[in-house]
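Q: Here it is: the structure, laid out below.
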Amino acid sequence: TMNRFLLFSIFLLALACTKKEPASTEPKIMTSAELKSRGQQVYLSNCTSCHSGNAKLDGPLGPAVAGSSLELLKSRVLTKGYPPGFKPKRETNVMPALPHLAPEIEALAEYLNSLN
């Protein structure tokens, strides 16, 4: 019985030592390269149907967007508006608001600004 107790104690000790820490709730800070790569994925999967696959070129419905500022992207993509004083390249209301992209705006800006 002493051997069983000792083995059981060792088992519990080993189990306690291998317990995983809860996953961090802190958001991962991405490098510029990671942001750019993520932004490219976001652009290709959400923007190319209206804007060109090459963000430096006009698309069938939307203008070239390479170099778009974070302020412009937040306003245009999330609310369908423009920042104060901004003069749009095209006077259309075709683009819908895409609020689901809010977590991706910084990555999208990083990618579009890397193209200049």
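FYI, nothing fancy with the structure tokens labels: chains A, B, ... in order, residues from 1 per chain, ligands from 1 as they appear.
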I want to know what sits within 9 Å of Leu112 in chain A, based on only C-alpha atoms, with residues of the same chain fewer than 6 positions away left out; could you give that as a PyMOL selection string?

A: chain A and resi 36+39-40+43+55-56+65-69

Q: Quick one: pull the distance between CA of Leu73 in chain A and CA of Leu98 in chain A, Å, one decimal.

A: 10.5 Å

Q: Measure the distance from CA of Cys47 in chain A to CA of Lys80 in chain A in Å and round it to one decimal.

A: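 Separation of CA of Cys47 in chain A and CA of Lys80 in chain A: 13.9 Å.
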
Q: Excluding Ala64 in chain A and residues on its chain fewer than 2 positions from it, collect all residues at most 12 Å away from it, counting only C-alpha atoms, and give them as a PyMOL selection string.

A: chain A and resi 47-48+50-62+66-68+88-90+112+115-116

Q: Dump N, CA and C atoms for the selected residues as a JSON list (two decimals), in the first residue's frame?

A:
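Now in part08.json:
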```json
[["chain", "number", "residue", "atom", "x", "y", "z"],
["A", 47, "CYS", "N", -11.68, 42.92, -51.13],
["A", 47, "CYS", "CA", -11.67, 44.17, -51.88],
["A", 47, "CYS", "C", -11.56, 44.01, -53.39],
["A", 48, "THR", "N", -11.03, 42.89, -53.84],
["A", 48, "THR", "CA", -10.70, 42.76, -55.26],
["A", 48, "THR", "C", -11.90, 42.60, -56.19],
["A", 50, "CYS", "N", -14.28, 44.63, -56.39],
["A", 50, "CYS", "CA", -14.58, 45.99, -56.88],
["A", 50, "CYS", "C", -13.32, 46.77, -57.23],
["A", 51, "HIS", "N", -12.29, 46.60, -56.43],
["A", 51, "HIS", "CA", -11.00, 47.24, -56.69],
["A", 51, "HIS", "C", -10.13, 46.21, -57.41],
["A", 52, "SER", "N", -9.15, 46.63, -58.10],
["A", 52, "SER", "CA", -8.29, 45.72, -58.84],
["A", 52, "SER", "C", -7.53, 44.79, -57.90],
["A", 53, "GLY", "N", -7.15, 43.62, -58.40],
["A", 53, "GLY", "CA", -6.27, 42.73, -57.65],
["A", 53, "GLY", "C", -4.93, 43.40, -57.37],
["A", 54, "ASN", "N", -4.58, 44.36, -58.21],
["A", 54, "ASN", "CA", -3.40, 45.20, -58.01],
["A", 54, "ASN", "C", -3.92, 46.53, -57.46],
["A", 55, "ALA", "N", -3.70, 46.77, -56.18],
["A", 55, "ALA", "CA", -4.27, 47.95, -55.51],
["A", 55, "ALA", "C", -3.78, 49.27, -56.08],
["A", 56, "LYS", "N", -2.75, 49.23, -56.95],
["A", 56, "LYS", "CA", -2.26, 50.46, -57.59],
["A", 56, "LYS", "C", -3.09, 50.84, -58.82],
["A", 57, "LEU", "N", -3.96, 49.93, -59.24],
["A", 57, "LEU", "CA", -4.77, 50.15, -60.44],
["A", 57, "LEU", "C", -6.24, 50.30, -60.09],
["A", 58, "ASP", "N", -6.96, 51.08, -60.89],
["A", 58, "ASP", "CA", -8.40, 51.17, -60.73],
["A", 58, "ASP", "C", -9.03, 49.82, -61.01],
["A", 59, "GLY", "N", -10.10, 49.53, -60.30],
["A", 59, "GLY", "CA", -10.84, 48.30, -60.53],
["A", 59, "GLY", "C", -12.09, 48.58, -61.33],
["A", 60, "PRO", "N", -12.92, 47.57, -61.54],
["A", 60, "PRO", "CA", -14.13, 47.76, -62.34],
["A", 60, "PRO", "C", -15.13, 48.72, -61.69],
["A", 61, "LEU", "N", -15.17, 48.79, -60.37],
["A", 61, "LEU", "CA", -16.08, 49.69, -59.67],
["A", 61, "LEU", "C", -15.37, 50.70, -58.78],
["A", 62, "GLY", "N", -14.27, 50.31, -58.21],
["A", 62, "GLY", "CA", -13.58, 51.16, -57.24],
["A", 62, "GLY", "C", -12.23, 51.64, -57.74],
["A", 66, "ALA", "N", -4.01, 51.86, -53.28],
["A", 66, "ALA", "CA", -2.66, 51.80, -52.71],
["A", 66, "ALA", "C", -2.35, 53.14, -52.07],
["A", 67, "GLY", "N", -1.76, 53.10, -50.89],
["A", 67, "GLY", "CA", -1.39, 54.32, -50.19],
["A", 67, "GLY", "C", -2.51, 54.95, -49.37],
["A", 68, "SER", "N", -3.67, 54.31, -49.29],
["A", 68, "SER", "CA", -4.79, 54.86, -48.51],
["A", 68, "SER", "C", -4.40, 54.95, -47.03],
["A", 88, "PRO", "N", -13.02, 62.59, -52.59],
["A", 88, "PRO", "CA", -12.97, 61.24, -53.17],
["A", 88, "PRO", "C", -12.55, 61.25, -54.64],
["A", 89, "LYS", "N", -11.94, 60.14, -55.06],
["A", 89, "LYS", "CA", -11.51, 59.99, -56.45],
["A", 89, "LYS", "C", -12.72, 59.82, -57.37],
["A", 90, "ARG", "N", -13.77, 59.21, -56.85],
["A", 90, "ARG", "CA", -15.00, 58.99, -57.61],
["A", 90, "ARG", "C", -16.18, 59.38, -56.74],
["A", 112, "LEU", "N", -1.59, 48.24, -47.83],
["A", 112, "LEU", "CA", -1.81, 49.24, -48.90],
["A", 112, "LEU", "C", -0.71, 50.29, -48.92],
["A", 115, "LEU", "N", 2.71, 49.42, -50.66],
["A", 115, "LEU", "CA", 2.72, 49.35, -52.12],
["A", 115, "LEU", "C", 3.22, 50.64, -52.76],
["A", 116, "ASN", "N", 3.37, 51.70, -51.99],
["A", 116, "ASN", "CA", 3.83, 52.97, -52.54],
["A", 116, "ASN", "C", 5.32, 52.97, -52.79]]
```

Q: Which distance in Å separates CA of Phe86 in chain A and CA of Lys74 in chain A, to one decimal?

A: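 CA of Lys74 in chain A lies 12.9 Å from CA of Phe86 in chain A.
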
Q: Quick one: pick out all alpha helix (DSSP H) residues within range 5-116 of chain A from a backbone DSSP run and write them as an NGL selection string.

A: :A and (5-17 or 32-46 or 70-79 or 105-114)
